[in-house]
>>> print(open('input18.tsv').read())   # TSV, C-alpha atoms
chain	number	residue	atom	x	y	z
U	1	MET	CA	0.00	0.00	0.00
U	2	THR	CA	1.31	3.47	-0.90
U	3	HIS	CA	2.03	5.73	2.05
U	4	PRO	CA	-0.46	8.65	2.05
U	5	GLU	CA	2.37	11.16	1.76
U	6	LEU	CA	3.51	9.56	-1.50
U	7	ARG	CA	0.20	9.41	-3.33
U	8	PRO	CA	-0.08	11.59	-6.47
U	9	ARG	CA	-1.07	15.18	-5.77
U	10	PRO	CA	-3.15	17.54	-7.89
U	11	PRO	CA	-1.21	19.89	-10.18
U	12	SER	CA	0.18	22.96	-8.47
U	13	PRO	CA	-1.36	26.34	-9.40
U	14	LEU	CA	-0.39	28.35	-12.46
U	15	VAL	CA	-0.98	32.09	-12.12
U	16	GLU	CA	-0.29	35.12	-14.28
U	17	ALA	CA	2.03	37.85	-12.99
U	18	ALA	CA	1.14	41.18	-14.56
U	19	ASP	CA	4.52	42.93	-14.62
U	20	GLU	CA	5.26	45.91	-16.84
U	21	ARG	CA	8.92	44.90	-17.13
U	22	PHE	CA	7.75	41.90	-19.13
U	23	GLY	CA	4.65	43.43	-20.68
U	24	ALA	CA	6.63	46.30	-22.16
U	25	ARG	CA	8.60	43.74	-24.19
U	26	GLY	CA	5.50	41.85	-25.26
U	27	VAL	CA	6.25	38.92	-22.94
U	28	ARG	CA	3.63	37.25	-20.76
U	29	LEU	CA	4.88	35.95	-17.40
U	30	LEU	CA	3.26	32.97	-15.69
U	31	LEU	CA	4.28	31.56	-12.31
U	32	LYS	CA	4.00	27.82	-11.68
U	33	ARG	CA	3.47	27.77	-7.91
U	34	ASP	CA	5.19	24.46	-7.33
U	35	ASP	CA	6.09	25.69	-3.86
U	36	LEU	CA	2.47	24.76	-3.01
U	37	VAL	CA	2.55	21.17	-4.25
U	38	HIS	CA	3.24	19.80	-0.73
U	39	PRO	CA	2.91	21.54	2.65
U	40	GLU	CA	6.38	20.51	3.84
U	41	LEU	CA	8.25	19.30	0.75
U	42	PRO	CA	7.79	22.12	-1.74
U	43	GLY	CA	8.23	21.94	-5.46
U	44	ASN	CA	11.12	20.15	-7.03
U	45	LYS	CA	12.23	18.65	-3.72
U	46	TRP	CA	9.01	16.67	-3.40
U	47	ARG	CA	9.00	15.74	-7.07
U	48	LYS	CA	12.58	14.43	-6.90
U	49	LEU	CA	12.29	12.75	-3.52
U	50	ALA	CA	8.93	11.01	-3.92
U	51	PRO	CA	10.10	8.35	-6.43
U	52	ASN	CA	13.19	7.66	-4.32
U	53	LEU	CA	11.14	7.41	-1.15
U	54	ARG	CA	8.77	4.95	-2.80
U	55	ALA	CA	11.75	2.84	-3.88
U	56	ALA	CA	13.20	2.90	-0.36
U	57	LEU	CA	9.94	1.78	1.21
U	58	GLU	CA	9.36	-0.90	-1.43
U	59	ALA	CA	12.85	-2.24	-0.69
U	60	GLY	CA	12.06	-2.39	3.02
U	61	ARG	CA	14.66	0.22	3.96
U	62	ASP	CA	14.13	2.23	7.13
U	63	ARG	CA	17.00	4.71	6.81
U	64	LEU	CA	18.02	7.30	4.20
U	65	VAL	CA	21.41	8.89	3.70
U	66	THR	CA	22.08	11.91	1.54
U	67	PHE	CA	24.50	14.79	0.99
U	68	GLY	CA	24.52	18.57	1.02
U	69	GLY	CA	26.08	21.82	2.11
U	70	ALA	CA	25.28	23.89	5.16
U	71	TYR	CA	22.38	25.66	3.44
U	72	SER	CA	21.05	22.72	1.45
U	73	ASN	CA	17.30	22.78	0.85
U	74	HIS	CA	17.66	19.15	-0.19
U	75	LEU	CA	18.93	18.17	3.26
U	76	ARG	CA	16.01	19.99	4.84
U	77	ALA	CA	13.51	18.28	2.55
U	78	THR	CA	14.99	14.83	3.16
U	79	ALA	CA	14.89	15.35	6.91
U	80	ALA	CA	11.25	16.42	6.72
U	81	ALA	CA	10.38	13.46	4.49
U	82	GLY	CA	12.01	11.08	6.94
U	83	ARG	CA	9.95	12.49	9.79
U	84	LEU	CA	6.72	12.23	7.78
U	85	LEU	CA	7.41	8.64	6.70
U	86	GLY	CA	8.96	7.39	9.92
U	87	LEU	CA	12.37	6.85	8.34
U	88	GLU	CA	15.73	7.57	9.96
U	89	THR	CA	17.81	10.10	8.04
U	90	VAL	CA	21.54	10.79	7.93
U	91	GLY	CA	22.95	13.91	6.29
U	92	ILE	CA	26.58	13.97	5.20
U	93	VAL	CA	27.46	17.67	5.28
U	94	ARG	CA	30.25	19.40	3.38
U	95	GLY	CA	32.75	21.09	5.71
U	96	ASP	CA	34.16	19.40	8.82
U	97	GLU	CA	34.97	22.84	10.23
U	98	LEU	CA	31.22	23.22	10.88
U	99	ALA	CA	31.12	20.36	13.35
U	100	ASP	CA	32.14	22.50	16.33
U	101	ARG	CA	30.05	25.54	15.41
U	102	PRO	CA	26.42	26.30	16.30
U	103	LEU	CA	24.06	24.97	13.66
U	104	ASN	CA	22.68	27.54	11.23
U	105	ASP	CA	18.91	27.76	10.75
U	106	SER	CA	18.92	25.29	7.86
U	107	LEU	CA	20.90	22.57	9.65
U	108	ALA	CA	19.03	23.21	12.89
U	109	ARG	CA	15.79	22.46	11.06
U	110	CYS	CA	17.31	19.21	9.76
U	111	ALA	CA	18.29	18.21	13.29
U	112	ALA	CA	14.85	19.14	14.64
U	113	ASP	CA	13.32	16.78	12.08
U	114	GLY	CA	15.51	13.97	13.36
U	115	MET	CA	18.35	14.00	10.83
U	116	ARG	CA	21.71	12.89	12.19
U	117	LEU	CA	24.36	15.19	10.74
U	118	HIS	CA	27.84	13.93	9.88
U	119	PHE	CA	30.39	16.55	8.80
U	120	VAL	CA	33.18	15.65	6.38
U	121	THR	CA	36.15	17.47	4.91
U	122	ARG	CA	35.56	19.45	1.75
U	123	SER	CA	38.18	17.40	-0.09
U	124	ASP	CA	36.46	14.12	0.79
U	125	TYR	CA	33.10	15.60	-0.12
U	126	ARG	CA	34.34	16.54	-3.58
U	127	ARG	CA	35.45	12.94	-4.10
U	128	LYS	CA	32.22	11.30	-2.92
U	129	ALA	CA	31.50	9.94	-6.40
U	130	GLU	CA	34.58	7.70	-6.12
U	131	PRO	CA	33.38	4.29	-4.86
U	132	GLU	CA	36.16	3.85	-2.29
U	133	VAL	CA	35.69	7.35	-0.86
U	134	LEU	CA	31.91	6.95	-0.81
U	135	ALA	CA	32.15	3.64	1.04
U	136	ARG	CA	34.45	5.23	3.61
U	137	LEU	CA	32.15	8.22	4.11
U	138	LEU	CA	29.08	6.02	4.53
U	139	ALA	CA	30.85	3.74	6.98
U	140	ALA	CA	32.09	6.68	9.05
U	141	ALA	CA	28.56	8.10	9.14
U	142	GLY	CA	27.12	4.76	10.27
U	143	ALA	CA	25.03	4.67	7.10
U	144	ALA	CA	26.53	1.83	5.06
U	145	ASP	CA	23.17	0.04	4.99
U	146	ALA	CA	21.02	3.13	4.37
U	147	TYR	CA	19.14	3.88	1.16
U	148	PRO	CA	21.29	6.47	-0.68
U	149	VAL	CA	19.76	9.61	-2.17
U	150	PRO	CA	22.30	11.65	-4.17
U	151	GLU	CA	23.15	15.29	-3.54
U	152	GLY	CA	20.25	17.45	-4.66
U	153	GLY	CA	18.14	14.31	-5.07
U	154	SER	CA	19.07	14.10	-8.76
U	155	ASN	CA	19.13	10.59	-10.18
U	156	PRO	CA	17.14	8.71	-12.85
U	157	LEU	CA	14.26	8.05	-10.45
U	158	ALA	CA	14.07	11.74	-9.58
U	159	LEU	CA	13.86	12.67	-13.25
U	160	THR	CA	10.69	10.63	-13.65
U	161	GLY	CA	9.08	12.78	-10.96
U	162	CYS	CA	10.25	16.01	-12.59
U	163	ALA	CA	9.02	14.84	-16.00
U	164	GLU	CA	5.53	14.93	-14.51
U	165	LEU	CA	6.07	18.64	-13.87
U	166	GLY	CA	6.79	19.07	-17.57
U	167	ARG	CA	3.63	17.18	-18.50
U	168	GLU	CA	1.59	19.46	-16.23
U	169	LEU	CA	2.97	22.43	-18.19
U	170	ARG	CA	2.28	21.16	-21.70
U	171	GLY	CA	0.69	24.02	-23.58
U	172	ALA	CA	1.36	26.47	-20.73
U	173	GLY	CA	4.23	28.59	-21.96
U	174	ASP	CA	6.64	28.73	-24.86
U	175	VAL	CA	9.65	28.84	-22.53
U	176	VAL	CA	9.55	27.13	-19.13
U	177	ALA	CA	12.31	28.34	-16.80
U	178	VAL	CA	13.67	26.88	-13.59
U	179	ALA	CA	16.60	27.55	-11.27
U	180	CYS	CA	19.25	24.80	-11.30
U	181	GLY	CA	21.46	23.39	-8.57
U	182	THR	CA	22.36	19.86	-9.64
U	183	GLY	CA	20.32	20.00	-12.86
U	184	GLY	CA	17.90	17.17	-12.11
U	185	THR	CA	14.75	19.27	-12.19
U	186	LEU	CA	15.63	20.80	-15.57
U	187	ALA	CA	16.59	17.39	-16.97
U	188	GLY	CA	13.24	15.83	-16.05
U	189	LEU	CA	11.18	18.93	-16.83
U	190	ALA	CA	12.51	19.15	-20.39
U	191	ALA	CA	11.67	15.50	-21.02
U	192	GLY	CA	8.05	16.07	-20.03
U	193	LEU	CA	7.32	19.18	-22.12
U	194	ALA	CA	5.34	19.09	-25.35
U	195	PRO	CA	6.96	19.45	-28.79
U	196	GLY	CA	7.63	23.11	-29.51
U	197	GLN	CA	8.16	24.06	-25.89
U	198	ARG	CA	11.64	24.60	-24.53
U	199	ALA	CA	13.13	24.63	-21.06
U	200	LEU	CA	15.57	27.22	-19.74
U	201	GLY	CA	17.75	26.58	-16.73
U	202	VAL	CA	19.30	29.31	-14.57
U	203	PRO	CA	22.27	27.85	-12.62
U	204	VAL	CA	22.63	29.19	-9.08
U	205	LEU	CA	26.26	28.02	-8.87
U	206	ALA	CA	29.15	29.38	-10.86
U	207	GLY	CA	31.41	27.12	-12.88
U	208	GLY	CA	29.63	26.13	-16.07
U	209	PHE	CA	29.66	22.43	-15.16
U	210	LEU	CA	25.95	21.58	-15.47
U	211	GLU	CA	25.54	20.87	-19.19
U	212	PRO	CA	27.34	17.50	-19.21
U	213	GLU	CA	25.68	16.59	-15.90
U	214	ILE	CA	22.21	17.19	-17.35
U	215	ARG	CA	23.00	15.24	-20.50
U	216	SER	CA	24.29	12.36	-18.40
U	217	LEU	CA	21.18	12.37	-16.19
U	218	GLN	CA	18.85	12.37	-19.19
U	219	THR	CA	20.77	9.56	-20.83
U	220	ALA	CA	20.57	7.45	-17.68
U	221	ALA	CA	16.85	8.12	-17.22
U	222	PHE	CA	15.53	8.24	-20.78
U	223	GLY	CA	18.20	6.67	-22.98
U	224	ALA	CA	19.40	9.93	-24.58
U	225	PRO	CA	19.50	13.65	-23.86
U	226	THR	CA	16.74	15.87	-25.19
U	227	ALA	CA	17.46	18.88	-27.40
U	228	ASN	CA	14.85	21.28	-25.98
U	229	TRP	CA	16.76	22.94	-23.16
U	230	THR	CA	19.45	25.56	-22.67
U	231	LEU	CA	21.24	27.17	-19.74
U	232	ALA	CA	21.46	30.87	-18.94
U	233	GLU	CA	24.80	31.18	-17.15
U	234	GLY	CA	26.06	34.27	-15.34
U	235	HIS	CA	23.16	34.88	-12.97
U	236	ASP	CA	24.56	33.12	-9.88
U	237	HIS	CA	25.44	36.39	-8.07
U	238	GLY	CA	28.75	35.03	-6.88
U	239	GLY	CA	27.79	31.46	-6.03
U	240	TYR	CA	25.42	29.29	-4.10
U	241	ALA	CA	23.65	30.86	-1.08
U	242	ARG	CA	25.09	34.29	-1.85
U	243	VAL	CA	22.46	37.02	-1.77
U	244	PRO	CA	24.06	40.41	-2.43
U	245	ALA	CA	22.17	43.60	-1.69
U	246	SER	CA	21.07	44.02	-5.30
U	247	LEU	CA	19.44	40.58	-5.37
U	248	GLU	CA	17.82	41.15	-1.98
U	249	ALA	CA	16.37	44.44	-3.25
U	250	PHE	CA	15.06	42.75	-6.40
U	251	ALA	CA	13.40	39.96	-4.38
U	252	ALA	CA	11.79	42.40	-1.96
U	253	ASP	CA	10.47	44.47	-4.87
U	254	PHE	CA	9.04	41.35	-6.58
U	255	GLU	CA	7.33	40.36	-3.34
U	256	SER	CA	5.79	43.81	-3.09
U	257	ARG	CA	4.61	43.80	-6.71
U	258	HIS	CA	3.06	40.34	-6.70
U	259	GLY	CA	2.42	39.31	-3.10
U	260	LEU	CA	4.65	36.28	-3.58
U	261	PRO	CA	7.15	35.22	-0.91
U	262	VAL	CA	10.42	34.87	-2.84
U	263	GLU	CA	12.94	32.25	-1.76
U	264	ARG	CA	16.38	33.86	-2.13
U	265	ILE	CA	18.82	31.06	-3.00
U	266	TYR	CA	17.01	29.71	-6.07
U	267	VAL	CA	13.80	31.55	-6.95
U	268	ALA	CA	15.13	35.11	-6.63
U	269	LYS	CA	18.00	34.31	-9.00
U	270	LEU	CA	15.59	32.76	-11.48
U	271	LEU	CA	13.20	35.72	-11.49
U	272	GLN	CA	16.01	38.27	-11.64
U	273	ALA	CA	17.60	36.43	-14.56
U	274	LEU	CA	14.32	36.33	-16.47
U	275	THR	CA	13.78	40.04	-15.87
U	276	THR	CA	17.28	40.85	-17.13
U	277	LEU	CA	16.96	38.57	-20.16
U	278	THR	CA	13.57	40.02	-21.06
U	279	ARG	CA	14.90	43.57	-20.90
U	280	ALA	CA	17.77	42.49	-23.17
U	281	GLY	CA	15.32	41.17	-25.77
U	282	ALA	CA	16.15	37.50	-25.29
U	283	PHE	CA	12.51	36.47	-25.81
U	284	PRO	CA	10.57	37.45	-28.96
U	285	ARG	CA	7.41	39.51	-28.57
U	286	GLY	CA	4.45	37.24	-28.02
U	287	THR	CA	6.42	34.78	-25.90
U	288	THR	CA	4.69	33.23	-22.89
U	289	LEU	CA	7.34	32.68	-20.24
U	290	THR	CA	6.59	30.31	-17.36
U	291	ALA	CA	8.77	30.54	-14.24
U	292	ILE	CA	8.70	27.60	-11.84
U	293	VAL	CA	8.60	28.68	-8.20
U	294	THR	CA	10.37	25.68	-6.69
U	295	GLY	CA	10.37	26.65	-3.03
U	296	ARG	CA	9.45	29.20	-0.42
U	297	PRO	CA	11.54	31.11	2.13
>>> encode(input="input18.tsv", output="structure tokens")
Amino acid sequence: MTHPELRPRPPSPLVEAADERFGARGVRLLLKRDDLVHPELPGNKWRKLAPNLRAALEAGRDRLVTFGGAYSNHLRATAAAGRLLGLETVGIVRGDELADRPLNDSLARCAADGMRLHFVTRSDYRRKAEPEVLARLLAAAGAADAYPVPEGGSNPLALTGCAELGRELRGAGDVVAVACGTGGTLAGLAAGLAPGQRALGVPVLAGGFLEPEIRSLQTAAFGAPTANWTLAEGHDHGGYARVPASLEAFAADFESRHGLPVERIYVAKLLQALTTLTRAGAFPRGTTLTAIVTGRP
């Protein structure tokens, strides 16, 4: 029997945002309120986690282990999912220097939801894809027998959940845009869209490393990469979890204009990028642009 938390949910709302910055360029802006798809696991986190959680339960596993940085929304979502499903959770956190410091709000929320945090060196964390290093990290965290969920939740199972998001948006927008961390949401989203639609990803990390990652994820999940997505680099504002004053001001202004709470790490960067690109004429007049609101503050 499927756990009630993992049963399919109705599509999240799609609303129009009347904004003269877009209207002046002949662009219509829609907001896919995927932050409302689940009360505790908003947006892409629920879509990526749900298929993995089903697999864990079907395999009879009672513990999850996953990875993330000190401000990881994925860690928070996994901890909340574990609490809701009665599963133990272990979070392997980048940065052993954090072990002796007070927990920030994000990690404190993980701990409050029952996640056991295990801090590792940044060098080991970077090498976690190497089988020997991974085995050592899991053993040290006491999680060798746990069901593994990758950093950001992005794996072939997760892409099947995100493809459903694309199917919900068929016919709703010429360009569907989403913020990208590990690229899993964009990879699945693009696979679910209708012919003629395209997906646009806005990376929130600097480095230009996502394109091969997304192609690899799509190949693993669907047999080959799709050709209907692109990345808009250069809108990371200095890197993950960095919110300079200019971005904070933009987010506060957007909240005031539209009554929408704007999450700063992902959603603010997405909306600011789309505003900048629209002003630069990146979208032809008559374009309907759909922005996916993946989380809330």
>>> closest_residue(input="input18.tsv", among="U:Gln272, U:Thr121, U:Thr185, U:Thr290", to="Arg21 of chain U", atoms="all atoms listed in the file")
U:Gln272
>>> closest_residue(input="input18.tsv", among="U:Asn44, U:Asp124, U:Thr294, U:Ala18", to="Gly184 of chain U", atoms="all atoms listed in the file")
U:Asn44
>>> closest_residue(input="input18.tsv", among="U:Ala163, U:Ala158, U:Ala24, U:Val120", to="Arg279 of chain U", atoms="all atoms listed in the file")
U:Ala24
>>> residues_around(input="input18.tsv", residues="Phe209 of chain U", least_positions_apart="2", cutoff="12 Å", atoms="all atoms listed in the file", output="PDB file with C-alpha atoms, keeping the file's coordinate frame")
ATOM      1  CA  CYS U 180      19.250  24.800 -11.300  1.00  0.00           C
ATOM      2  CA  GLY U 181      21.460  23.390  -8.570  1.00  0.00           C
ATOM      3  CA  THR U 182      22.360  19.860  -9.640  1.00  0.00           C
ATOM      4  CA  GLY U 183      20.320  20.000 -12.860  1.00  0.00           C
ATOM      5  CA  PRO U 203      22.270  27.850 -12.620  1.00  0.00           C
ATOM      6  CA  VAL U 204      22.630  29.190  -9.080  1.00  0.00           C
ATOM      7  CA  LEU U 205      26.260  28.020  -8.870  1.00  0.00           C
ATOM      8  CA  ALA U 206      29.150  29.380 -10.860  1.00  0.00           C
ATOM      9  CA  GLY U 207      31.410  27.120 -12.880  1.00  0.00           C
ATOM     10  CA  GLU U 211      25.540  20.870 -19.190  1.00  0.00           C
ATOM     11  CA  PRO U 212      27.340  17.500 -19.210  1.00  0.00           C
ATOM     12  CA  GLU U 213      25.680  16.590 -15.900  1.00  0.00           C
ATOM     13  CA  ILE U 214      22.210  17.190 -17.350  1.00  0.00           C
ATOM     14  CA  ARG U 215      23.000  15.240 -20.500  1.00  0.00           C
ATOM     15  CA  SER U 216      24.290  12.360 -18.400  1.00  0.00           C
ATOM     16  CA  LEU U 231      21.240  27.170 -19.740  1.00  0.00           C
ATOM     17  CA  GLU U 233      24.800  31.180 -17.150  1.00  0.00           C
TER      18      GLU U 233
END
>>> closest_residue(input="input18.tsv", among="U:Arg7, U:Tyr125, U:Leu217, U:Ala268", to="His235 of chain U", atoms="all atoms listed in the file")
U:Ala268
>>> residues_around(input="input18.tsv", residues="Ala143 of chain U", least_positions_apart="3", cutoff="12 Å", atoms="only C-alpha atoms", output="list in words")
Arg61, Asp62, Arg63, Leu64, Val65, Thr66, Phe67, Glu88, Thr89, Val90, Gly91, Ile92, Arg116, Leu117, His118, Leu134, Ala135, Arg136, Leu137, Leu138, Ala139, Ala140, Ala146, Tyr147, Pro148 and Val149 of chain U
>>> residues_around(input="input18.tsv", residues="Arg54 of chain U", least_positions_apart="5", cutoff="9 Å", atoms="only C-alpha atoms", output="PyMOL selection string")
chain U and resi 2-3+6+49+59
>>> atom_distance(input="input18.tsv", atom1="atom CA of Ala144 of chain U", atom2="atom CA of Ser106 of chain U")
24.8 Å
>>> closest_residue(input="input18.tsv", among="U:Ala80, U:Asn73, U:Lys128, U:Leu270", to="Ala177 of chain U", atoms="all atoms listed in the file")
U:Leu270
>>> closest_residue(input="input18.tsv", among="U:Gly234, U:Ala141, U:Gly68, U:Pro156", to="Leu277 of chain U", atoms="all atoms listed in the file")
U:Gly234
>>> atom_distance(input="input18.tsv", atom1="atom CA of Ala221 of chain U", atom2="atom CA of Ser12 of chain U")
24.0 Å
>>> atom_distance(input="input18.tsv", atom1="atom CA of Thr278 of chain U", atom2="atom CA of Asp35 of chain U")
23.6 Å
>>> residues_near_point(input="input18.tsv", point="(26.1, 24.1, -0.1)", cutoff="10 Å", atoms="all atoms listed in the file", output="list in words")
Phe67, Gly68, Gly69, Ala70, Tyr71, Ser72, Asn73, His74, Leu75, Val93, Arg94, Gly95, Glu151, Gly152, Gly181, Leu205, Gly239, Tyr240 and Ala241 of chain U
>>> write_last_selection(input="input18.tsv", atoms="C-alpha atoms", output="mmCIF file, in the frame of the given file")
data_model
loop_
_atom_site.group_PDB
_atom_site.id
_atom_site.type_symbol
_atom_site.label_atom_id
_atom_site.label_comp_id
_atom_site.auth_asym_id
_atom_site.auth_seq_id
_atom_site.Cartn_x
_atom_site.Cartn_y
_atom_site.Cartn_z
ATOM 1 C CA PHE U 67 24.500 14.790 0.990
ATOM 2 C CA GLY U 68 24.520 18.570 1.020
ATOM 3 C CA GLY U 69 26.080 21.820 2.110
ATOM 4 C CA ALA U 70 25.280 23.890 5.160
ATOM 5 C CA TYR U 71 22.380 25.660 3.440
ATOM 6 C CA SER U 72 21.050 22.720 1.450
ATOM 7 C CA ASN U 73 17.300 22.780 0.850
ATOM 8 C CA HIS U 74 17.660 19.150 -0.190
ATOM 9 C CA LEU U 75 18.930 18.170 3.260
ATOM 10 C CA VAL U 93 27.460 17.670 5.280
ATOM 11 C CA ARG U 94 30.250 19.400 3.380
ATOM 12 C CA GLY U 95 32.750 21.090 5.710
ATOM 13 C CA GLU U 151 23.150 15.290 -3.540
ATOM 14 C CA GLY U 152 20.250 17.450 -4.660
ATOM 15 C CA GLY U 181 21.460 23.390 -8.570
ATOM 16 C CA LEU U 205 26.260 28.020 -8.870
ATOM 17 C CA GLY U 239 27.790 31.460 -6.030
ATOM 18 C CA TYR U 240 25.420 29.290 -4.100
ATOM 19 C CA ALA U 241 23.650 30.860 -1.080
#
